[in-house]
>>> print(open('upload-v5.cif').read())   # mmCIF, C-alpha atoms
data_final
loop_
_atom_site.label_atom_id
_atom_site.label_comp_id
_atom_site.auth_asym_id
_atom_site.auth_seq_id
_atom_site.Cartn_x
_atom_site.Cartn_y
_atom_site.Cartn_z
CA MET A 20 79.07 66.22 119.31
CA ILE A 21 78.80 69.97 119.58
CA THR A 22 81.11 72.87 120.40
CA PHE A 23 80.88 76.65 120.54
CA PRO A 24 83.72 78.51 118.80
CA ASN A 25 84.22 82.01 120.19
CA ALA A 26 85.53 85.23 118.65
CA LYS A 27 88.66 87.19 119.58
CA ILE A 28 89.77 90.80 119.60
CA ASN A 29 93.21 92.28 119.08
CA LEU A 30 94.55 94.47 121.85
CA GLY A 31 97.07 96.41 119.81
CA LEU A 32 98.09 95.34 116.33
CA PHE A 33 101.44 96.45 114.98
CA ILE A 34 102.63 95.47 111.50
CA THR A 35 106.38 95.28 112.02
CA GLU A 36 107.88 93.81 108.83
CA LYS A 37 107.15 92.56 105.33
CA LEU A 38 108.61 89.08 104.97
CA PRO A 39 110.37 87.69 101.88
CA ASN A 40 107.43 85.32 101.26
CA GLY A 41 105.06 88.28 100.92
CA TYR A 42 103.42 87.84 104.32
CA HIS A 43 103.72 90.38 107.12
CA ALA A 44 105.13 90.02 110.61
CA LEU A 45 103.00 91.47 113.37
CA GLU A 46 102.85 92.00 117.10
CA THR A 47 99.52 91.80 118.89
CA CYS A 48 97.67 90.51 121.92
CA PHE A 49 94.85 88.07 121.16
CA TYR A 50 92.02 88.06 123.69
CA PRO A 51 89.00 85.68 123.56
CA ILE A 52 85.54 87.20 123.81
CA PRO A 53 82.16 85.59 124.63
CA ILE A 54 80.49 85.81 121.22
CA TYR A 55 79.91 82.35 119.79
CA ASP A 56 79.11 80.22 116.77
CA ALA A 57 77.64 76.73 117.27
CA LEU A 58 79.31 73.79 115.52
CA GLU A 59 77.87 70.28 115.48
CA ALA A 60 79.09 67.11 113.77
CA ILE A 61 77.42 63.70 113.66
CA GLU A 62 78.43 60.49 111.92
CA ALA A 63 76.79 59.97 108.54
CA LYS A 64 76.97 57.87 105.39
CA LYS A 65 78.39 60.81 103.47
CA THR A 66 80.25 63.92 104.57
CA SER A 67 78.21 67.11 104.16
CA PHE A 68 78.32 70.68 105.43
CA HIS A 69 75.32 72.87 106.27
CA ILE A 70 75.29 76.54 107.31
CA SER A 71 72.53 78.55 108.98
CA GLY A 72 72.46 81.96 110.65
CA MET A 73 74.61 84.62 109.02
CA GLU A 74 75.43 84.10 105.36
CA ILE A 75 79.00 83.05 104.56
CA PRO A 76 80.12 84.18 101.09
CA GLY A 77 82.29 81.98 98.88
CA ASP A 78 82.56 78.26 98.21
CA PRO A 79 81.48 76.19 101.26
CA ASN A 80 84.01 73.53 100.23
CA GLN A 81 86.76 76.04 101.05
CA ASN A 82 85.47 76.60 104.58
CA LEU A 83 88.10 76.04 107.29
CA ILE A 84 85.79 73.60 109.10
CA LEU A 85 85.84 71.18 106.18
CA LYS A 86 89.56 71.79 105.67
CA ALA A 87 90.19 70.93 109.32
CA TYR A 88 88.26 67.68 109.02
CA LYS A 89 90.07 66.69 105.80
CA LEU A 90 93.44 67.60 107.33
CA LEU A 91 92.95 65.12 110.16
CA LYS A 92 91.30 62.52 107.94
CA LYS A 93 94.52 62.30 105.91
CA ASP A 94 96.40 61.13 109.01
CA TYR A 95 93.73 59.27 111.00
CA GLN A 96 90.87 56.89 110.29
CA LEU A 97 87.78 59.02 110.69
CA PRO A 98 84.17 58.28 109.77
CA GLU A 99 82.12 60.35 107.33
CA ILE A 100 80.32 63.15 109.16
CA GLU A 101 77.49 65.61 108.70
CA ILE A 102 78.49 69.10 109.87
CA HIS A 103 76.14 71.88 110.94
CA LEU A 104 77.34 75.44 111.60
CA LEU A 105 75.14 78.12 113.15
CA LYS A 106 76.98 81.33 112.21
CA ASN A 107 76.67 84.18 114.68
CA ILE A 108 80.15 85.80 114.60
CA PRO A 109 80.24 88.41 111.81
CA MET A 110 82.50 87.47 108.89
CA GLY A 111 85.28 89.69 107.60
CA ALA A 112 85.16 91.74 110.77
CA GLY A 113 88.57 91.07 112.30
CA LEU A 114 87.06 88.78 114.95
CA GLY A 115 88.63 85.50 113.83
CA GLY A 116 85.30 83.69 113.54
CA GLY A 117 86.30 81.51 110.60
CA SER A 118 89.64 80.71 112.23
CA ALA A 119 87.89 79.77 115.46
CA ASP A 120 85.53 77.44 113.59
CA GLY A 121 88.46 75.61 111.98
CA ALA A 122 90.44 75.33 115.22
CA PHE A 123 87.45 74.16 117.24
CA MET A 124 86.72 71.52 114.61
CA LEU A 125 90.23 70.15 115.10
CA LYS A 126 89.68 70.00 118.86
CA LEU A 127 86.21 68.48 118.50
CA ILE A 128 87.44 65.65 116.28
CA SER A 129 90.48 64.94 118.47
CA GLU A 130 88.29 64.75 121.57
CA THR A 131 85.40 62.80 120.04
CA TYR A 132 87.53 60.16 118.34
CA GLN A 133 90.15 59.98 121.11
CA LEU A 134 93.08 61.00 118.94
CA PHE A 135 94.78 62.33 122.10
CA LEU A 136 96.41 65.20 120.24
CA ASP A 137 98.04 67.67 122.62
CA ASP A 138 97.91 71.41 122.05
CA ILE A 139 101.31 71.59 120.34
CA ILE A 140 100.24 69.09 117.69
CA LEU A 141 96.83 70.73 117.28
CA GLU A 142 98.50 74.13 116.89
CA ASP A 143 100.66 72.69 114.11
CA TYR A 144 97.56 71.48 112.28
CA ALA A 145 95.84 74.81 112.95
CA ALA A 146 98.77 76.74 111.47
CA GLN A 147 98.15 74.87 108.21
CA LEU A 148 94.63 76.34 108.15
CA GLY A 149 95.53 79.99 108.78
CA SER A 150 97.58 82.38 110.87
CA ASP A 151 94.85 83.16 113.45
CA CYS A 152 93.89 79.52 113.96
CA PRO A 153 96.59 78.35 116.44
CA PHE A 154 95.47 80.93 119.02
CA PHE A 155 92.07 79.25 119.32
CA ILE A 156 93.58 75.91 120.36
CA SER A 157 94.51 77.07 123.88
CA ASN A 158 92.03 79.96 123.54
CA GLU A 159 93.73 81.98 126.29
CA PRO A 160 95.16 85.53 126.13
CA ALA A 161 98.46 85.48 124.25
CA ILE A 162 101.01 87.73 122.60
CA GLY A 163 101.21 86.82 118.91
CA THR A 164 104.29 87.51 116.81
CA GLY A 165 105.63 86.40 113.45
CA THR A 166 102.63 85.90 111.21
CA GLY A 167 100.53 85.42 114.34
CA ILE A 168 101.29 81.74 114.87
CA GLU A 169 104.08 82.30 117.40
CA LEU A 170 102.22 82.58 120.69
CA GLU A 171 103.32 83.51 124.20
CA PRO A 172 100.66 83.08 126.91
CA ILE A 173 100.06 86.22 128.95
CA GLU A 174 98.35 86.69 132.30
CA LEU A 175 95.53 89.09 131.57
CA SER A 176 91.96 89.25 132.79
CA LEU A 177 89.40 91.86 131.80
CA LYS A 178 86.78 90.16 133.95
CA GLY A 179 84.22 92.57 135.33
CA LEU A 180 84.52 95.06 132.50
CA TRP A 181 81.68 95.58 130.04
CA PHE A 182 82.50 94.87 126.41
CA THR A 183 80.67 96.35 123.43
CA LEU A 184 81.17 95.18 119.86
CA ILE A 185 79.83 97.08 116.85
CA HIS A 186 80.17 95.80 113.30
CA PRO A 187 78.80 98.25 110.73
CA GLY A 188 78.85 95.70 107.92
CA ILE A 189 81.72 97.35 106.05
CA HIS A 190 83.83 94.72 104.31
CA ILE A 191 87.57 95.38 104.30
CA SER A 192 89.63 92.79 102.45
CA THR A 193 92.93 91.67 103.97
CA LYS A 194 94.67 92.79 100.76
CA GLU A 195 93.15 96.27 101.02
CA ALA A 196 94.11 96.56 104.68
CA TYR A 197 97.76 95.59 104.22
CA GLU A 198 98.22 97.79 101.15
CA GLY A 199 97.72 100.87 103.33
CA VAL A 200 100.26 99.93 106.02
CA THR A 201 103.96 100.79 106.17
CA PRO A 202 105.66 98.21 108.43
CA LYS A 203 107.63 99.62 111.35
CA SER A 204 108.69 98.62 114.86
CA SER A 205 106.00 99.05 117.51
CA GLY A 206 108.52 100.89 119.70
CA ILE A 207 106.86 99.56 122.87
CA ASP A 208 107.06 96.61 125.25
CA LEU A 209 103.66 95.21 124.32
CA LYS A 210 103.51 92.58 127.06
CA SER A 211 104.29 95.09 129.83
CA LEU A 212 101.84 97.63 128.41
CA ILE A 213 99.06 95.04 128.21
CA GLN A 214 99.66 93.72 131.72
CA SER A 215 99.73 97.23 133.18
CA ARG A 216 95.99 97.47 132.59
CA SER A 217 96.55 101.23 132.52
CA PHE A 218 93.78 102.24 130.15
CA GLU A 219 95.17 105.77 129.85
CA ASP A 220 98.42 104.28 128.54
CA TRP A 221 96.45 101.91 126.32
CA LYS A 222 94.65 104.88 124.73
CA LYS A 223 97.98 106.57 124.00
CA GLU A 224 100.14 103.62 122.94
CA LEU A 225 98.04 100.53 122.21
CA LYS A 226 97.36 101.18 118.54
CA ASN A 227 95.98 99.20 115.64
CA ASP A 228 98.19 100.10 112.67
CA PHE A 229 95.34 99.45 110.25
CA GLU A 230 93.28 102.31 111.65
CA GLU A 231 95.63 104.95 110.21
CA SER A 232 94.87 104.01 106.60
CA ILE A 233 91.38 102.52 106.96
CA PHE A 234 89.69 105.26 108.99
CA PRO A 235 90.15 108.00 106.34
CA GLN A 236 88.46 105.70 103.80
CA TYR A 237 85.59 104.79 106.13
CA PRO A 238 84.71 107.82 108.33
CA GLU A 239 81.89 105.83 109.91
CA LEU A 240 84.51 103.79 111.81
CA THR A 241 86.08 106.97 113.17
CA ALA A 242 82.64 108.10 114.31
CA ILE A 243 81.92 104.79 116.05
CA LYS A 244 85.22 104.93 117.95
CA SER A 245 84.56 108.54 118.96
CA ASN A 246 81.04 107.68 120.14
CA LEU A 247 82.32 104.72 122.17
CA TYR A 248 84.66 107.05 124.03
CA LYS A 249 81.88 109.62 124.49
CA SER A 250 79.78 106.81 125.98
CA GLY A 251 82.43 106.19 128.62
CA ALA A 252 84.76 103.60 127.09
CA VAL A 253 88.11 103.35 128.88
CA TYR A 254 89.59 101.87 125.71
CA SER A 255 88.36 101.48 122.14
CA ALA A 256 89.90 100.14 118.94
CA MET A 257 89.27 98.28 115.73
CA SER A 258 89.88 94.53 115.88
CA GLY A 259 92.18 92.92 113.35
CA SER A 260 91.89 94.45 109.90
CA GLY A 261 88.32 95.49 110.74
CA SER A 262 85.73 96.56 110.47
CA ALA A 263 84.48 95.49 113.92
CA MET A 264 84.93 98.19 116.56
CA PHE A 265 84.94 97.49 120.28
CA GLY A 266 84.93 99.39 123.53
CA LEU A 267 85.75 98.42 127.12
CA PHE A 268 83.68 100.04 129.88
CA LYS A 269 83.71 100.00 133.68
CA ALA A 270 79.90 100.19 133.76
CA LYS A 271 77.20 99.03 131.36
CA PRO A 272 77.05 101.72 128.64
CA ASP A 273 74.06 103.49 127.16
CA LEU A 274 74.39 103.01 123.41
CA ASP A 275 71.15 104.40 122.04
CA TRP A 276 73.14 106.03 119.22
CA VAL A 277 74.06 102.69 117.61
CA ASN A 278 72.53 102.19 114.18
CA GLU A 279 69.91 99.44 114.36
CA SER A 280 71.16 97.95 111.08
CA HIS A 281 74.59 97.30 112.61
CA PHE A 282 75.54 94.12 114.43
CA SER A 283 76.08 95.14 118.05
CA LYS A 284 76.47 93.22 121.27
CA THR A 285 77.23 94.25 124.82
CA VAL A 286 78.33 91.65 127.40
CA GLN A 287 80.06 91.64 130.76
CA LEU A 288 83.41 89.90 130.58
#
>>> encode(input="upload-v5.cif", output="structure tokens")
Amino acid sequence: MITFPNAKINLGLFITEKLPNGYHALETCFYPIPIYDALEAIEAKKTSFHISGMEIPGDPNQNLILKAYKLLKKDYQLPEIEIHLLKNIPMGAGLGGGSADGAFMLKLISETYQLFLDDIILEDYAAQLGSDCPFFISNEPAIGTGTGIELEPIELSLKGLWFTLIHPGIHISTKEAYEGVTPKSSGIDLKSLIQSRSFEDWKKELKNDFEESIFPQYPELTAIKSNLYKSGAVYSAMSGSGSAMFGLFKAKPDLDWVNESHFSKTVQL
């Protein structure tokens, strides 16, 4: 059994409140993008987890894929499995790759072993893994509020546009990102702004609050955003808490300025 978890970008990301539990409330639009990992699981005598492709730092036993499997195994009779992950989505880039892996593992197990778990139940399990995980259950454009687990589907298609992603390899910890943000109301109707598809309005109003504090520390990100606009992007922003930068284009862009050491990908949506 195999599945292909995809990444996401944030169209707008407003940090609106610090909650009593120490977490932050946010307002954003999650949008799936066609950059994929590959995740395979087969029955085995003993559960094991193998990673190839991009290196994933930290303890593999803390990976959300294993956590997803163990979460369902507590409630259902599941066999031991051997898991293989081919990692292609950059880590710590604001693209939700790890969250996608965990959520897709939940869906893969439910489907393979006929657990018949509907999306609401899967989203509840996913929320136990992390705040970005529930989005990847339905994997459709959605407005996220609260800590990101409260989702409202939104009709939005960027089909036909060209999408460029650039990850310069700068690691920005979630703690570092949030320390630089002062929560405040977005002051906009995010859903209406998103659905307007007015890229001029997006450039003016569809902000990522993390950029204000992160860009001065990492001027390279400012330069990448500027170069994306110079290359013809109709909209550009940082995704999540970074440091992946993306641009939307009406025609395939010429990006000969991109540093060859950076992860970059251009696809038509």
>>> resolve_selection(input="upload-v5.cif", expression="the PyMOL selection byres ((chain A and resi 20) around 10)", output="list in words")
Ile21, Thr22, Leu58, Glu59, Ala60, Ile61, Glu62, Ile102, Leu127, Ile128, Glu130 and Thr131 of chain A
>>> atom_distance(input="upload-v5.cif", atom1="CA of His69 (chain A)", atom2="CA of Leu125 (chain A)")
17.5 Å
>>> residues_around(input="upload-v5.cif", residues="Ile168 (chain A)", least_positions_apart="2", cutoff="9 Å", atoms="all atoms listed in the file", output="ChimeraX atom specification")
/A:142,146,149-154,163-166,170
>>> write_last_selection(input="upload-v5.cif", atoms="C-alpha atoms", output="PDB file, in the frame of the given file")
ATOM      1  CA  GLU A 142      98.500  74.130 116.890  1.00  0.00           C
ATOM      2  CA  ALA A 146      98.770  76.740 111.470  1.00  0.00           C
ATOM      3  CA  GLY A 149      95.530  79.990 108.780  1.00  0.00           C
ATOM      4  CA  SER A 150      97.580  82.380 110.870  1.00  0.00           C
ATOM      5  CA  ASP A 151      94.850  83.160 113.450  1.00  0.00           C
ATOM      6  CA  CYS A 152      93.890  79.520 113.960  1.00  0.00           C
ATOM      7  CA  PRO A 153      96.590  78.350 116.440  1.00  0.00           C
ATOM      8  CA  PHE A 154      95.470  80.930 119.020  1.00  0.00           C
ATOM      9  CA  GLY A 163     101.210  86.820 118.910  1.00  0.00           C
ATOM     10  CA  THR A 164     104.290  87.510 116.810  1.00  0.00           C
ATOM     11  CA  GLY A 165     105.630  86.400 113.450  1.00  0.00           C
ATOM     12  CA  THR A 166     102.630  85.900 111.210  1.00  0.00           C
ATOM     13  CA  LEU A 170     102.220  82.580 120.690  1.00  0.00           C
TER      14      LEU A 170
END
>>> resolve_selection(input="upload-v5.cif", expression="the PyMOL selection byres ((chain A and resi 52) around 8)", output="ChimeraX atom specification")
/A:25-28,50-51,53-54,288
>>> resolve_selection(input="upload-v5.cif", expression="the PyMOL selection byres ((chain A and resi 246) around 12)", output="list in words")
Thr183, Ile185, Glu239, Leu240, Thr241, Ala242, Ile243, Lys244, Ser245, Leu247, Tyr248, Lys249, Ser250, Gly251, Ala252, Tyr254, Ser255, Ala256, Met264, Phe265, Gly266, Pro272, Asp273, Leu274, Asp275, Trp276, Val277 and Asn278 of chain A
>>> write_last_selection(input="upload-v5.cif", atoms="C-alpha atoms", output="mmCIF file, in the frame of the given file")
data_model
loop_
_atom_site.group_PDB
_atom_site.id
_atom_site.type_symbol
_atom_site.label_atom_id
_atom_site.label_comp_id
_atom_site.auth_asym_id
_atom_site.auth_seq_id
_atom_site.Cartn_x
_atom_site.Cartn_y
_atom_site.Cartn_z
ATOM 1 C CA THR A 183 80.670 96.350 123.430
ATOM 2 C CA ILE A 185 79.830 97.080 116.850
ATOM 3 C CA GLU A 239 81.890 105.830 109.910
ATOM 4 C CA LEU A 240 84.510 103.790 111.810
ATOM 5 C CA THR A 241 86.080 106.970 113.170
ATOM 6 C CA ALA A 242 82.640 108.100 114.310
ATOM 7 C CA ILE A 243 81.920 104.790 116.050
ATOM 8 C CA LYS A 244 85.220 104.930 117.950
ATOM 9 C CA SER A 245 84.560 108.540 118.960
ATOM 10 C CA LEU A 247 82.320 104.720 122.170
ATOM 11 C CA TYR A 248 84.660 107.050 124.030
ATOM 12 C CA LYS A 249 81.880 109.620 124.490
ATOM 13 C CA SER A 250 79.780 106.810 125.980
ATOM 14 C CA GLY A 251 82.430 106.190 128.620
ATOM 15 C CA ALA A 252 84.760 103.600 127.090
ATOM 16 C CA TYR A 254 89.590 101.870 125.710
ATOM 17 C CA SER A 255 88.360 101.480 122.140
ATOM 18 C CA ALA A 256 89.900 100.140 118.940
ATOM 19 C CA MET A 264 84.930 98.190 116.560
ATOM 20 C CA PHE A 265 84.940 97.490 120.280
ATOM 21 C CA GLY A 266 84.930 99.390 123.530
ATOM 22 C CA PRO A 272 77.050 101.720 128.640
ATOM 23 C CA ASP A 273 74.060 103.490 127.160
ATOM 24 C CA LEU A 274 74.390 103.010 123.410
ATOM 25 C CA ASP A 275 71.150 104.400 122.040
ATOM 26 C CA TRP A 276 73.140 106.030 119.220
ATOM 27 C CA VAL A 277 74.060 102.690 117.610
ATOM 28 C CA ASN A 278 72.530 102.190 114.180
#
>>> residues_around(input="upload-v5.cif", residues="Gln236 (chain A)", least_positions_apart="2", cutoff="12 Å", atoms="only C-alpha atoms", output="PDB file with C-alpha atoms, keeping the file's coordinate frame")
ATOM      1  CA  ILE A 189      81.720  97.350 106.050  1.00  0.00           C
ATOM      2  CA  HIS A 190      83.830  94.720 104.310  1.00  0.00           C
ATOM      3  CA  ILE A 191      87.570  95.380 104.300  1.00  0.00           C
ATOM      4  CA  GLU A 195      93.150  96.270 101.020  1.00  0.00           C
ATOM      5  CA  ALA A 196      94.110  96.560 104.680  1.00  0.00           C
ATOM      6  CA  GLY A 199      97.720 100.870 103.330  1.00  0.00           C
ATOM      7  CA  PHE A 229      95.340  99.450 110.250  1.00  0.00           C
ATOM      8  CA  GLU A 230      93.280 102.310 111.650  1.00  0.00           C
ATOM      9  CA  GLU A 231      95.630 104.950 110.210  1.00  0.00           C
ATOM     10  CA  SER A 232      94.870 104.010 106.600  1.00  0.00           C
ATOM     11  CA  ILE A 233      91.380 102.520 106.960  1.00  0.00           C
ATOM     12  CA  PHE A 234      89.690 105.260 108.990  1.00  0.00           C
ATOM     13  CA  PRO A 238      84.710 107.820 108.330  1.00  0.00           C
ATOM     14  CA  GLU A 239      81.890 105.830 109.910  1.00  0.00           C
ATOM     15  CA  LEU A 240      84.510 103.790 111.810  1.00  0.00           C
ATOM     16  CA  THR A 241      86.080 106.970 113.170  1.00  0.00           C
ATOM     17  CA  SER A 262      85.730  96.560 110.470  1.00  0.00           C
TER      18      SER A 262
END
>>> residues_near_point(input="upload-v5.cif", point="(106.6, 93.3, 107.2)", cutoff="12 Å", atoms="all atoms listed in the file", output="count of residues only")
25
>>> closest_residue(input="upload-v5.cif", among="A:Leu141, A:Met110, A:Glu279, A:Glu171", to="Ser192 (chain A)", atoms="only C-alpha atoms")
A:Met110
>>> closest_residue(input="upload-v5.cif", among="A:Leu148, A:Leu30, A:Ala270, A:Leu97", to="Leu114 (chain A)", atoms="only C-alpha atoms")
A:Leu30
>>> atom_distance(input="upload-v5.cif", atom1="CA of Asn29 (chain A)", atom2="CA of Asp208 (chain A)")
15.8 Å
>>> atom_distance(input="upload-v5.cif", atom1="CA of Gly77 (chain A)", atom2="CA of Tyr95 (chain A)")
28.2 Å
>>> closest_residue(input="upload-v5.cif", among="A:Ala57, A:Leu175, A:Leu104, A:Ala122", to="Ala87 (chain A)", atoms="all atoms listed in the file")
A:Ala122
>>> decode(input="upload-v5.cif", residues="region 153-166 of chain A", atoms="N, CA and C atoms", output="short mmCIF file (atom, residue, chain, number, x, y, z; two decimals), in the first residue's frame")
data_model
loop_
_atom_site.label_atom_id
_atom_site.label_comp_id
_atom_site.auth_asym_id
_atom_site.auth_seq_id
_atom_site.Cartn_x
_atom_site.Cartn_y
_atom_site.Cartn_z
N PRO A 153 -5.04 18.12 10.48
CA PRO A 153 -6.43 17.91 10.01
C PRO A 153 -6.69 18.41 8.60
N PHE A 154 -6.02 19.48 8.18
CA PHE A 154 -6.24 20.00 6.83
C PHE A 154 -5.99 18.93 5.77
N PHE A 155 -4.98 18.08 5.99
CA PHE A 155 -4.59 17.12 4.96
C PHE A 155 -5.53 15.93 4.87
N ILE A 156 -6.52 15.84 5.74
CA ILE A 156 -7.50 14.75 5.62
C ILE A 156 -8.38 14.98 4.40
N SER A 157 -9.04 16.13 4.32
CA SER A 157 -9.84 16.44 3.12
C SER A 157 -8.93 16.94 2.00
N ASN A 158 -7.84 17.63 2.38
CA ASN A 158 -6.81 18.06 1.43
C ASN A 158 -7.39 18.97 0.34
N GLU A 159 -8.32 19.82 0.73
CA GLU A 159 -8.94 20.79 -0.17
C GLU A 159 -8.75 22.18 0.42
N PRO A 160 -8.76 23.23 -0.42
CA PRO A 160 -8.59 24.59 0.10
C PRO A 160 -9.55 24.87 1.26
N ALA A 161 -9.01 25.49 2.31
CA ALA A 161 -9.84 25.73 3.50
C ALA A 161 -9.31 26.93 4.28
N ILE A 162 -10.23 27.66 4.90
CA ILE A 162 -9.87 28.69 5.85
C ILE A 162 -9.63 28.01 7.19
N GLY A 163 -8.47 28.25 7.78
CA GLY A 163 -8.14 27.67 9.08
C GLY A 163 -8.15 28.75 10.14
N THR A 164 -8.83 28.47 11.25
CA THR A 164 -8.85 29.39 12.39
C THR A 164 -8.55 28.61 13.66
N GLY A 165 -8.62 29.30 14.80
CA GLY A 165 -8.20 28.67 16.05
C GLY A 165 -6.71 28.40 15.96
N THR A 166 -6.30 27.22 16.35
CA THR A 166 -4.89 26.85 16.22
C THR A 166 -4.59 26.25 14.85
#
